[in-house]
$ cat query.txt   # compact mmCIF, C-alpha atoms
# COMPACT_ATOMS: atom_id res chain seq x y z
CA MET A 1 124.06 145.40 99.05
CA THR A 2 122.74 142.01 98.04
CA ASP A 3 119.40 140.65 99.19
CA GLU A 4 120.23 137.37 100.97
CA ARG A 5 116.65 136.54 101.90
CA PRO A 6 115.61 133.03 100.78
CA ARG A 7 113.75 132.94 97.48
CA ALA A 8 111.02 130.57 96.45
CA SER A 9 111.98 127.92 93.91
CA PRO A 10 110.24 128.48 90.52
CA ASP A 11 110.31 124.73 89.84
CA ALA A 12 108.68 123.95 93.20
CA LEU A 13 106.05 126.66 92.66
CA LEU A 14 105.27 125.28 89.19
CA ALA A 15 104.99 121.73 90.56
CA LEU A 16 102.50 122.87 93.21
CA ALA A 17 100.54 124.91 90.63
CA ASN A 18 100.27 121.91 88.31
CA LYS A 19 98.97 119.80 91.19
CA SER A 20 96.37 122.39 92.19
CA ALA A 21 94.96 122.45 88.63
CA ARG A 22 94.11 118.72 88.82
CA GLY A 23 92.01 116.60 91.11
CA GLN A 24 93.78 115.45 94.26
CA LEU A 25 94.84 111.82 94.69
CA LYS A 26 94.90 110.16 98.11
CA ILE A 27 96.47 106.69 98.33
CA TYR A 28 95.75 104.35 101.24
CA LEU A 29 99.01 102.39 101.41
CA GLY A 30 99.50 99.05 103.16
CA ALA A 31 102.14 96.36 103.49
CA SER A 32 99.82 93.57 102.29
CA PRO A 33 96.20 92.62 101.67
CA GLY A 34 94.02 92.55 104.77
CA VAL A 35 95.55 95.43 106.72
CA GLY A 36 92.37 97.52 106.37
CA LYS A 37 93.06 99.93 103.51
CA THR A 38 89.57 99.78 101.98
CA TYR A 39 87.99 99.86 105.44
CA ALA A 40 89.93 103.02 106.33
CA MET A 41 89.09 104.62 102.96
CA LEU A 42 85.36 103.93 103.36
CA THR A 43 85.32 105.13 106.97
CA ASN A 44 86.87 108.44 105.94
CA ALA A 45 84.59 108.70 102.89
CA ARG A 46 81.51 108.33 105.11
CA ALA A 47 82.82 111.14 107.30
CA ALA A 48 83.38 113.33 104.23
CA LYS A 49 79.81 112.62 103.06
CA ALA A 50 78.43 113.47 106.50
CA GLU A 51 80.19 116.83 106.21
CA GLY A 52 78.30 117.52 102.99
CA ARG A 53 80.77 116.41 100.34
CA ASP A 54 79.53 114.82 97.09
CA VAL A 55 80.97 111.28 97.35
CA ALA A 56 80.51 108.31 95.00
CA ALA A 57 82.00 104.83 94.94
CA GLY A 58 83.29 104.16 91.44
CA LEU A 59 84.53 100.68 92.33
CA VAL A 60 85.08 99.19 95.78
CA GLU A 61 86.21 95.60 96.35
CA THR A 62 84.94 94.17 99.66
CA HIS A 63 86.28 90.63 99.00
CA GLY A 64 83.34 89.27 100.98
CA ARG A 65 84.29 91.04 104.19
CA ARG A 66 81.05 91.91 105.99
CA GLU A 67 82.54 94.76 108.03
CA THR A 68 83.84 96.42 104.87
CA ALA A 69 80.63 95.86 102.89
CA SER A 70 78.56 97.47 105.66
CA LEU A 71 80.48 100.72 105.20
CA LEU A 72 79.16 100.99 101.62
CA GLU A 73 75.60 101.40 102.92
CA GLY A 74 74.42 104.92 102.24
CA LEU A 75 77.12 105.64 99.65
CA GLU A 76 76.22 106.00 95.98
CA GLU A 77 77.74 103.14 93.95
CA LEU A 78 78.23 103.67 90.22
CA PRO A 79 77.27 100.70 88.02
CA ARG A 80 80.10 98.64 86.60
CA LYS A 81 80.70 98.26 82.87
CA PRO A 82 80.23 94.76 81.39
CA ILE A 83 83.02 93.72 79.00
CA ILE A 84 83.00 90.41 77.15
CA TYR A 85 86.38 88.66 77.41
CA ARG A 86 87.03 85.04 76.43
CA ASN A 87 83.27 84.32 76.27
CA GLN A 88 82.75 85.66 79.77
CA VAL A 89 81.14 88.88 80.94
CA MET A 90 83.58 90.78 83.15
CA LYS A 91 82.35 93.77 85.13
CA GLU A 92 84.94 96.55 85.26
CA PHE A 93 85.13 100.14 86.47
CA ASP A 94 83.10 102.39 84.15
CA LEU A 95 85.37 105.36 83.46
CA ASP A 96 82.91 107.16 81.19
CA ALA A 97 80.10 106.87 83.74
CA ALA A 98 82.39 108.31 86.41
CA LEU A 99 83.41 111.23 84.18
CA ALA A 100 79.75 111.93 83.36
CA ARG A 101 78.72 111.77 87.03
CA LYS A 102 81.74 113.88 88.10
CA PRO A 103 81.40 113.77 91.88
CA SER A 104 83.62 115.90 94.10
CA LEU A 105 85.20 112.70 95.48
CA LEU A 106 85.34 109.28 93.82
CA LEU A 107 86.45 106.03 95.46
CA VAL A 108 88.32 103.66 93.12
CA ASP A 109 89.86 100.64 94.84
CA GLU A 110 93.03 98.72 93.84
CA TYR A 111 95.22 101.32 92.11
CA ALA A 112 97.51 98.70 90.48
CA HIS A 113 94.70 96.65 88.92
CA THR A 114 95.11 95.50 85.29
CA ASN A 115 91.97 96.23 83.25
CA VAL A 116 90.27 93.64 81.08
CA PRO A 117 91.34 93.88 77.41
CA GLY A 118 88.88 96.14 75.62
CA SER A 119 89.00 98.83 78.32
CA ARG A 120 90.15 102.32 77.32
CA HIS A 121 93.33 102.04 79.38
CA PRO A 122 95.40 98.93 80.17
CA LYS A 123 95.80 99.92 83.84
CA ARG A 124 93.48 101.35 86.47
CA TRP A 125 96.05 103.96 87.50
CA GLN A 126 95.64 105.37 83.98
CA ASP A 127 91.86 105.54 84.47
CA ILE A 128 92.48 107.45 87.69
CA ASP A 129 94.92 109.79 85.96
CA GLU A 130 92.17 110.72 83.49
CA LEU A 131 89.76 111.35 86.38
CA LEU A 132 92.30 113.61 88.08
CA GLY A 133 92.80 115.51 84.83
CA ALA A 134 89.03 116.14 84.79
CA GLY A 135 89.28 117.77 88.22
CA ILE A 136 87.83 114.87 90.24
CA ASP A 137 89.43 113.99 93.58
CA VAL A 138 90.15 110.26 93.85
CA TRP A 139 90.86 108.02 96.82
CA THR A 140 92.39 104.62 96.09
CA THR A 141 94.27 101.74 97.75
CA LEU A 142 97.68 100.20 97.12
CA ASN A 143 99.94 97.52 98.58
CA ILE A 144 103.65 98.33 98.79
CA GLN A 145 104.62 95.34 96.63
CA HIS A 146 102.95 96.97 93.61
CA LEU A 147 105.50 99.80 93.35
CA GLU A 148 107.66 99.21 90.27
CA SER A 149 110.95 100.17 91.94
CA LEU A 150 110.41 97.56 94.67
CA ASN A 151 109.47 94.69 92.34
CA ASP A 152 112.84 92.90 92.55
CA VAL A 153 113.12 93.52 96.30
CA VAL A 154 109.67 92.04 96.93
CA GLN A 155 110.49 88.98 94.81
CA LYS A 156 113.61 88.33 96.88
CA ILE A 157 111.63 88.63 100.11
CA THR A 158 108.53 86.64 99.18
CA LYS A 159 109.76 84.50 96.24
CA VAL A 160 106.70 85.80 94.39
CA ARG A 161 106.95 88.00 91.28
CA VAL A 162 104.27 90.69 91.44
CA ARG A 163 102.90 91.22 87.93
CA GLU A 164 100.73 94.27 88.55
CA THR A 165 102.81 97.37 89.24
CA ILE A 166 102.48 101.15 89.06
CA PRO A 167 105.22 103.65 88.15
CA ASP A 168 106.82 105.34 91.16
CA THR A 169 106.18 108.71 89.50
CA VAL A 170 102.39 108.49 89.94
CA PHE A 171 102.86 107.44 93.57
CA ASP A 172 105.19 110.37 94.23
CA GLU A 173 102.77 112.82 92.62
CA ALA A 174 99.87 111.83 94.91
CA HIS A 175 98.53 114.67 97.03
CA GLU A 176 98.45 112.52 100.17
CA ILE A 177 99.66 109.09 101.32
CA VAL A 178 97.82 107.44 104.21
CA LEU A 179 99.80 104.55 105.70
CA VAL A 180 97.45 101.85 107.01
CA ASP A 181 99.62 99.83 109.36
CA PHE A 182 98.77 96.51 111.00
CA PRO A 183 101.07 94.26 113.11
CA PRO A 184 101.97 90.99 111.32
CA ASP A 185 100.86 88.81 114.27
CA GLU A 186 97.42 90.42 114.28
CA LEU A 187 97.15 90.07 110.51
CA LEU A 188 97.99 86.35 110.65
CA LYS A 189 95.34 85.95 113.34
CA ARG A 190 92.74 87.67 111.15
CA LEU A 191 93.82 85.50 108.23
CA ALA A 192 93.39 82.30 110.30
CA GLU A 193 89.92 83.48 111.39
CA GLY A 194 88.87 83.92 107.76
CA LYS A 195 88.56 87.71 108.01
CA VAL A 196 90.95 88.33 105.11
CA TYR A 197 90.25 85.43 102.74
CA VAL A 198 87.93 82.43 102.78
CA GLN A 199 89.42 79.50 104.69
CA ASP A 200 90.86 77.52 101.75
CA THR A 201 92.43 80.60 100.21
CA ALA A 202 93.73 81.68 103.61
CA ALA A 203 95.51 78.37 104.15
CA ARG A 204 97.28 78.65 100.78
CA ALA A 205 98.16 82.29 101.47
CA ILE A 206 99.79 81.43 104.82
CA GLU A 207 101.88 78.75 103.13
CA SER A 208 103.21 81.17 100.50
CA PHE A 209 102.99 84.94 100.80
CA PHE A 210 101.72 85.47 104.36
CA ARG A 211 104.69 84.28 106.39
CA PRO A 212 105.76 86.27 109.48
CA HIS A 213 109.18 87.27 108.08
CA ASN A 214 107.60 88.28 104.75
CA LEU A 215 105.02 90.47 106.45
CA THR A 216 107.64 92.08 108.69
CA ALA A 217 109.89 92.91 105.72
CA LEU A 218 106.98 94.28 103.65
CA ARG A 219 105.83 96.37 106.61
CA GLU A 220 109.31 97.89 106.88
CA LEU A 221 109.28 98.67 103.14
CA ALA A 222 105.92 100.41 103.48
CA LEU A 223 107.07 102.47 106.47
CA ARG A 224 110.28 103.54 104.72
CA ARG A 225 108.63 104.41 101.41
CA ALA A 226 105.92 106.43 103.12
CA ALA A 227 108.59 108.33 105.09
CA GLU A 228 110.53 109.08 101.87
CA ARG A 229 107.36 110.38 100.21
CA ILE A 230 106.56 112.65 103.17
CA ASP A 231 110.15 113.96 103.21
CA SER A 232 110.10 114.88 99.50
CA THR A 233 106.74 116.63 99.91
CA LEU A 234 108.09 118.63 102.84
CA VAL A 235 111.11 119.82 100.83
CA GLU A 236 108.94 120.81 97.84
CA ARG A 237 106.63 122.92 100.02
CA MET A 238 109.58 124.50 101.86
CA GLN A 239 111.14 125.51 98.55
CA ALA A 240 107.86 126.85 97.14
CA GLN A 241 107.35 129.01 100.25
CA ALA A 242 111.02 130.06 100.58
CA ILE A 243 111.31 128.47 104.03
CA GLU A 244 114.90 127.73 105.06
CA GLY A 245 115.87 124.42 106.62
CA PRO A 246 116.85 122.31 108.20
CA TRP A 247 113.57 120.85 109.38
CA ALA A 248 114.82 117.54 110.75
CA ALA A 249 111.71 115.56 109.81
CA GLY A 250 114.09 113.13 108.11
CA GLU A 251 117.83 112.95 107.50
CA ARG A 252 119.26 114.33 104.24
CA ILE A 253 122.99 114.01 103.52
CA LEU A 254 125.19 116.35 101.46
CA ALA A 255 128.72 115.45 100.28
CA CYS A 256 130.85 118.53 99.57
CA ILE A 257 133.64 117.59 97.16
CA GLY A 258 136.43 119.27 95.23
CA PRO A 259 139.41 118.40 93.03
CA ASP A 260 141.52 117.15 95.95
CA PRO A 261 142.38 113.43 96.30
CA ILE A 262 140.24 112.99 99.43
CA SER A 263 136.98 113.56 97.53
CA PRO A 264 136.33 109.87 96.63
CA THR A 265 136.63 109.05 100.34
CA VAL A 266 134.15 111.83 101.14
CA VAL A 267 131.72 110.42 98.56
CA ARG A 268 131.94 106.87 99.92
CA THR A 269 131.57 108.09 103.51
CA ALA A 270 128.43 110.06 102.59
CA LYS A 271 127.03 107.01 100.79
CA ARG A 272 127.60 104.78 103.84
CA LEU A 273 126.06 107.38 106.12
CA ALA A 274 123.01 107.66 103.85
CA ASP A 275 122.61 103.87 103.76
CA LEU A 276 122.86 103.60 107.55
CA MET A 277 120.18 106.24 107.97
CA ASN A 278 118.13 105.18 104.95
CA ALA A 279 118.39 108.82 103.84
CA PRO A 280 118.54 110.55 100.45
CA TRP A 281 121.89 112.16 99.64
CA MET A 282 123.45 114.67 97.25
CA ALA A 283 126.94 115.72 96.20
CA VAL A 284 127.98 119.26 95.27
CA THR A 285 131.11 121.12 94.29
CA VAL A 286 131.56 124.90 94.42
CA GLU A 287 133.43 126.93 91.82
CA ARG A 288 134.52 130.57 92.11
CA PRO A 289 133.50 132.76 89.14
CA GLY A 290 136.35 133.47 86.74
CA THR A 291 138.63 130.70 88.02
CA THR A 292 139.73 127.71 85.96
CA ALA A 293 141.05 124.49 87.45
CA GLY A 294 144.04 122.72 85.92
CA GLU A 295 143.60 119.63 83.80
CA ALA A 296 144.57 117.19 86.57
CA ALA A 297 142.33 118.90 89.12
CA ARG A 298 139.39 118.95 86.70
CA ARG A 299 139.88 115.25 85.97
CA ARG A 300 139.88 114.38 89.70
CA LEU A 301 136.73 116.43 90.25
CA ASP A 302 134.93 114.82 87.30
CA GLU A 303 135.84 111.36 88.57
CA ALA A 304 134.54 112.18 92.06
CA MET A 305 131.25 113.50 90.65
CA LYS A 306 130.84 110.41 88.44
CA LEU A 307 131.50 108.21 91.48
CA ALA A 308 128.77 110.04 93.40
CA GLN A 309 126.33 109.63 90.52
CA GLY A 310 127.20 105.96 90.22
CA LEU A 311 126.45 105.48 93.91
CA GLY A 312 123.03 107.09 93.56
CA ALA A 313 123.58 110.72 94.53
CA GLU A 314 122.03 113.76 92.91
CA THR A 315 124.90 116.05 91.85
CA GLN A 316 125.16 119.80 91.30
CA THR A 317 127.83 122.38 90.63
CA LEU A 318 127.39 125.63 92.59
CA THR A 319 129.02 128.98 91.83
CA GLY A 320 129.93 131.68 94.33
CA ASP A 321 132.75 133.76 95.78
CA ASP A 322 131.90 132.83 99.38
CA LEU A 323 132.21 129.04 99.26
CA PRO A 324 130.91 128.28 102.80
CA ALA A 325 127.93 130.61 102.31
CA GLU A 326 127.07 128.97 98.99
CA VAL A 327 127.25 125.45 100.46
CA LEU A 328 125.09 126.41 103.44
CA ARG A 329 122.59 128.27 101.24
CA PHE A 330 122.16 125.14 99.13
CA ALA A 331 122.01 122.90 102.22
CA ARG A 332 119.24 124.94 103.83
CA PHE A 333 117.32 125.14 100.55
CA GLU A 334 117.42 121.34 100.22
CA ASN A 335 116.69 120.75 103.94
CA VAL A 336 120.05 119.00 104.42
CA THR A 337 120.65 117.83 107.99
CA GLN A 338 124.24 116.52 107.64
CA ILE A 339 127.22 117.63 105.53
CA VAL A 340 130.25 115.42 104.82
CA ILE A 341 133.46 117.20 103.81
CA GLY A 342 137.19 116.43 103.62
CA GLN A 343 139.34 117.88 106.42
CA SER A 344 142.46 119.86 105.50
CA ARG A 345 145.75 118.22 106.51
CA ASN A 346 147.75 121.46 106.37
CA GLY A 347 148.14 121.68 110.13
CA PHE A 348 147.51 124.07 113.01
CA PHE A 349 149.36 127.13 111.72
CA SER A 350 147.58 126.96 108.37
CA GLU A 351 144.26 127.00 110.20
CA LEU A 352 145.36 130.12 112.11
CA LEU A 353 146.53 131.96 108.98
CA ARG A 354 143.68 130.98 106.67
CA ARG A 355 140.38 129.51 107.75
CA SER A 356 139.58 126.41 105.70
CA LEU A 357 136.20 125.56 104.17
CA PRO A 358 135.52 122.83 106.77
CA HIS A 359 136.43 125.27 109.57
CA GLU A 360 134.02 127.89 108.20
CA LEU A 361 131.21 125.35 107.74
CA VAL A 362 131.58 124.25 111.36
CA ARG A 363 131.62 127.90 112.50
CA ARG A 364 128.64 129.06 110.43
CA ALA A 365 126.36 126.02 110.31
CA LYS A 366 123.38 126.15 112.63
CA GLY A 367 121.32 123.02 113.02
CA ILE A 368 123.37 121.08 110.46
CA ALA A 369 125.82 118.36 111.53
CA ILE A 370 129.26 118.55 109.89
CA HIS A 371 131.24 115.31 109.38
CA LEU A 372 134.96 115.82 108.74
CA VAL A 373 136.79 113.10 106.83
CA THR A 374 140.59 112.79 106.72
CA ARG A 375 142.64 110.89 104.17
CA ASP A 376 143.93 108.52 106.86
CA ALA A 377 140.62 107.82 108.55
CA ASP A 378 137.76 106.61 106.41
CA GLN A 379 135.14 107.20 109.08
CA PRO A 380 133.40 110.55 109.70
CA VAL A 381 134.27 112.40 112.86
CA GLN A 382 131.64 114.84 114.08
$ encode --input "query.txt" --output "structure tokens"
Amino acid sequence: MTDERPRASPDALLALANKSARGQLKIYLGASPGVGKTYAMLTNARAAKAEGRDVAAGLVETHGRRETASLLEGLEELPRKPIIYRNQVMKEFDLDAALARKPSLLLVDEYAHTNVPGSRHPKRWQDIDELLGAGIDVWTTLNIQHLESLNDVVQKITKVRVRETIPDTVFDEAHEIVLVDFPPDELLKRLAEGKVYVQDTAARAIESFFRPHNLTALRELALRRAAERIDSTLVERMQAQAIEGPWAAGERILACIGPDPISPTVVRTAKRLADLMNAPWMAVTVERPGTTAGEAARRRLDEAMKLAQGLGAETQTLTGDDLPAEVLRFARFENVTQIVIGQSRNGFFSELLRRSLPHELVRRAKGIAIHLVTRDADQPVQ
């Protein structure tokens, strides 16, 4: 008798263990400057200090905003490090002073900042990585346009090439993402009142970056990226604790493909569905142990898997005697909410004599939507 209880993922457990050995990173994420990221960070830091936590401000940029500067009162501020660059004295974040002080929680603003030449690291996110490695919790701020993967998208939206970026990997490894949201109309009002920049700078900003359609598009990017990050964290914790899905906190699509000619249609349908829902998607095939597909069948399957990879899917080959059970086991492990599969065209009597894989998925799936695709119809039918 086999034990069919869900098992924790070793990879997920290792990922969580590695995170617990380091300091924890919290990122206050916004769609643009002026939405209140630093204000929110300082407000929460004051609350943490009031609860008895050892808090220090390694570097906080107030940009002349009185309301933000007032929140620094009562917080320990570490001195900045003077660095001579091009005959000028620049005051930067002092990494060594922060490591020597080693507070429980350190505030370091502007995660994507480029350090002055002569600093130990070229980028501030690298300074923060060293702090995390030393066991110090860090809170920082970031605008969505500074994510490397969105650099081209942001340029198309705003016509501005953002030069300071961070790798998506460090964003995805953060312990917590706090989305600081602010309606574009309210932000433009604050900008006009001089609460974001001084008046001359504000006028230039409105003419270029701070246009209503730009702010709306950047806000949507921030909302989507934060949702993706939360979804991936949920799946990792479910796998580490052997909790079966689906938890429909966000849609996740699975294309189930084989060596039959309908598989490319299944792949394209799953891709369209994922795009419509702005959802991550995967493609799997299931092989029975001890069976070998013919050359033509293997070629069709390889082509379908390559198509899925080319369209952005994660792909895996599963092995099991009970194909529906194996697909559903994988789906629940990955918190899949919708499965796309090709429908057999063998007819009614064939269904009576031998239950097909789609039939069994529909019969056994609980809480997972099944989309059946036929060779004649390119749209999923649920």
$ atom_distance --input "query.txt" --atom1 "atom CA of A:Ala365" --atom2 "atom CA of A:Trp281"
18.1 Å
$ atom_distance --input "query.txt" --atom1 "atom CA of A:Asp96" --atom2 "atom CA of A:Pro79"
11.0 Å
$ residues_around --input "query.txt" --residues "stretch 210-213 of chain A" --least-positions-apart "6" --cutoff "12 Å" --atoms "all atoms listed in the file" --output "PyMOL selection string"
chain A and resi 31-35+157-160+183-192+196-197+201-204+219-220
$ closest_residue --input "query.txt" --among "A:Asp94, A:Pro261, A:Val153, A:Arg161" --to "A:Ala296" --atoms "all atoms listed in the file"
A:Pro261
$ residues_around --input "query.txt" --residues "A:Met305" --least-positions-apart "6" --cutoff "10 Å" --atoms "all atoms listed in the file" --output "PyMOL selection string"
chain A and resi 257-259+263-264+267+283-285+299+311+313-317
$ closest_residue --input "query.txt" --among "A:Ser70, A:Asn214, A:Thr141, A:Thr374" --to "A:Lys37" --atoms "only C-alpha atoms"
A:Thr141
$ atom_distance --input "query.txt" --atom1 "atom CA of A:Leu215" --atom2 "atom CA of A:His175"
26.8 Å
$ residues_around --input "query.txt" --residues "A:Val286" --least-positions-apart "4" --cutoff "7 Å" --atoms "all atoms listed in the file" --output "list in words"
Thr317, Leu318, Thr319, Gly320 and Leu323 of chain A
$ closest_residue --input "query.txt" --among "A:Gln145, A:Asp260, A:Pro358, A:Gly58" --to "A:Leu131" --atoms "all atoms listed in the file"
A:Gly58
$ closest_residue --input "query.txt" --among "A:Ala112, A:Ala174, A:Leu78, A:Leu372" --to "A:Ala226" --atoms "all atoms listed in the file"
A:Ala174
$ residues_around --input "query.txt" --residues "A:Glu148" --least-positions-apart "2" --cutoff "9 Å" --atoms "all atoms listed in the file" --output "PDB file with C-alpha atoms, in the frame of the given file"
ATOM      1  CA  GLN A 145     104.620  95.340  96.630  1.00  0.00           C
ATOM      2  CA  HIS A 146     102.950  96.970  93.610  1.00  0.00           C
ATOM      3  CA  LEU A 150     110.410  97.560  94.670  1.00  0.00           C
ATOM      4  CA  ASN A 151     109.470  94.690  92.340  1.00  0.00           C
ATOM      5  CA  ASP A 152     112.840  92.900  92.550  1.00  0.00           C
ATOM      6  CA  GLU A 164     100.730  94.270  88.550  1.00  0.00           C
ATOM      7  CA  THR A 165     102.810  97.370  89.240  1.00  0.00           C
ATOM      8  CA  ILE A 166     102.480 101.150  89.060  1.00  0.00           C
ATOM      9  CA  PRO A 167     105.220 103.650  88.150  1.00  0.00           C
ATOM     10  CA  ASP A 168     106.820 105.340  91.160  1.00  0.00           C
TER      11      ASP A 168
END
$ closest_residue --input "query.txt" --among "A:Arg80, A:Ala308, A:His63, A:Ala57" --to "A:Arg272" --atoms "only C-alpha atoms"
A:Ala308
$ residues_near_point --input "query.txt" --point "(132.3, 131.0, 104.9)" --cutoff "8 Å" --atoms "all atoms listed in the file" --output "list of chain:residue names"
A:Asp322, A:Leu323, A:Pro324, A:Ala325, A:Leu357, A:Glu360, A:Leu361, A:Arg364
$ decode --input "query.txt" --residues "stretch 172-192 of chain A" --atoms "N, CA and C atoms" --output "tab-separated table (two decimals), in the first residue's frame"
chain	number	residue	atom	x	y	z
A	172	ASP	N	12.61	39.09	-5.86
A	172	ASP	CA	11.83	37.88	-5.59
A	172	ASP	C	12.26	37.19	-4.30
A	173	GLU	N	13.50	37.42	-3.86
A	173	GLU	CA	13.98	36.79	-2.64
A	173	GLU	C	13.67	37.60	-1.38
A	174	ALA	N	13.06	38.78	-1.53
A	174	ALA	CA	12.70	39.59	-0.36
A	174	ALA	C	11.71	38.85	0.52
A	175	HIS	N	11.84	39.05	1.82
A	175	HIS	CA	10.94	38.38	2.76
A	175	HIS	C	9.52	38.92	2.65
A	176	GLU	N	9.40	40.22	2.38
A	176	GLU	CA	8.07	40.83	2.32
A	176	GLU	C	8.08	42.00	1.34
A	177	ILE	N	7.00	42.12	0.57
A	177	ILE	CA	6.78	43.27	-0.32
A	177	ILE	C	5.57	44.04	0.19
A	178	VAL	N	5.74	45.33	0.45
A	178	VAL	CA	4.63	46.18	0.87
A	178	VAL	C	4.32	47.13	-0.28
A	179	LEU	N	3.16	46.99	-0.88
A	179	LEU	CA	2.77	47.85	-2.00
A	179	LEU	C	2.18	49.15	-1.45
A	180	VAL	N	2.83	50.27	-1.75
A	180	VAL	CA	2.34	51.58	-1.34
A	180	VAL	C	1.64	52.19	-2.55
A	181	ASP	N	0.33	52.17	-2.52
A	181	ASP	CA	-0.46	52.59	-3.68
A	181	ASP	C	-1.01	54.00	-3.47
A	182	PHE	N	-1.11	54.75	-4.57
A	182	PHE	CA	-1.61	56.12	-4.50
A	182	PHE	C	-2.26	56.45	-5.84
A	183	PRO	N	-3.51	56.91	-5.86
A	183	PRO	CA	-4.20	57.21	-7.13
A	183	PRO	C	-3.45	58.27	-7.93
A	184	PRO	N	-3.33	58.10	-9.25
A	184	PRO	CA	-2.60	59.07	-10.07
A	184	PRO	C	-3.12	60.50	-9.94
A	185	ASP	N	-4.44	60.70	-9.87
A	185	ASP	CA	-4.99	62.06	-9.75
A	185	ASP	C	-4.52	62.74	-8.47
A	186	GLU	N	-4.51	61.98	-7.38
A	186	GLU	CA	-4.06	62.53	-6.10
A	186	GLU	C	-2.56	62.84	-6.14
A	187	LEU	N	-1.79	61.98	-6.81
A	187	LEU	CA	-0.36	62.20	-6.91
A	187	LEU	C	-0.06	63.46	-7.72
A	188	LEU	N	-0.77	63.66	-8.82
A	188	LEU	CA	-0.57	64.86	-9.63
A	188	LEU	C	-0.94	66.12	-8.84
A	189	LYS	N	-1.94	66.00	-8.00
A	189	LYS	CA	-2.33	67.13	-7.15
A	189	LYS	C	-1.22	67.45	-6.16
A	190	ARG	N	-0.66	66.41	-5.53
A	190	ARG	CA	0.45	66.61	-4.59
A	190	ARG	C	1.66	67.21	-5.31
A	191	LEU	N	1.88	66.75	-6.53
A	191	LEU	CA	3.01	67.26	-7.32
A	191	LEU	C	2.84	68.74	-7.59
A	192	ALA	N	1.61	69.15	-8.00
A	192	ALA	CA	1.32	70.55	-8.30
A	192	ALA	C	1.44	71.43	-7.06
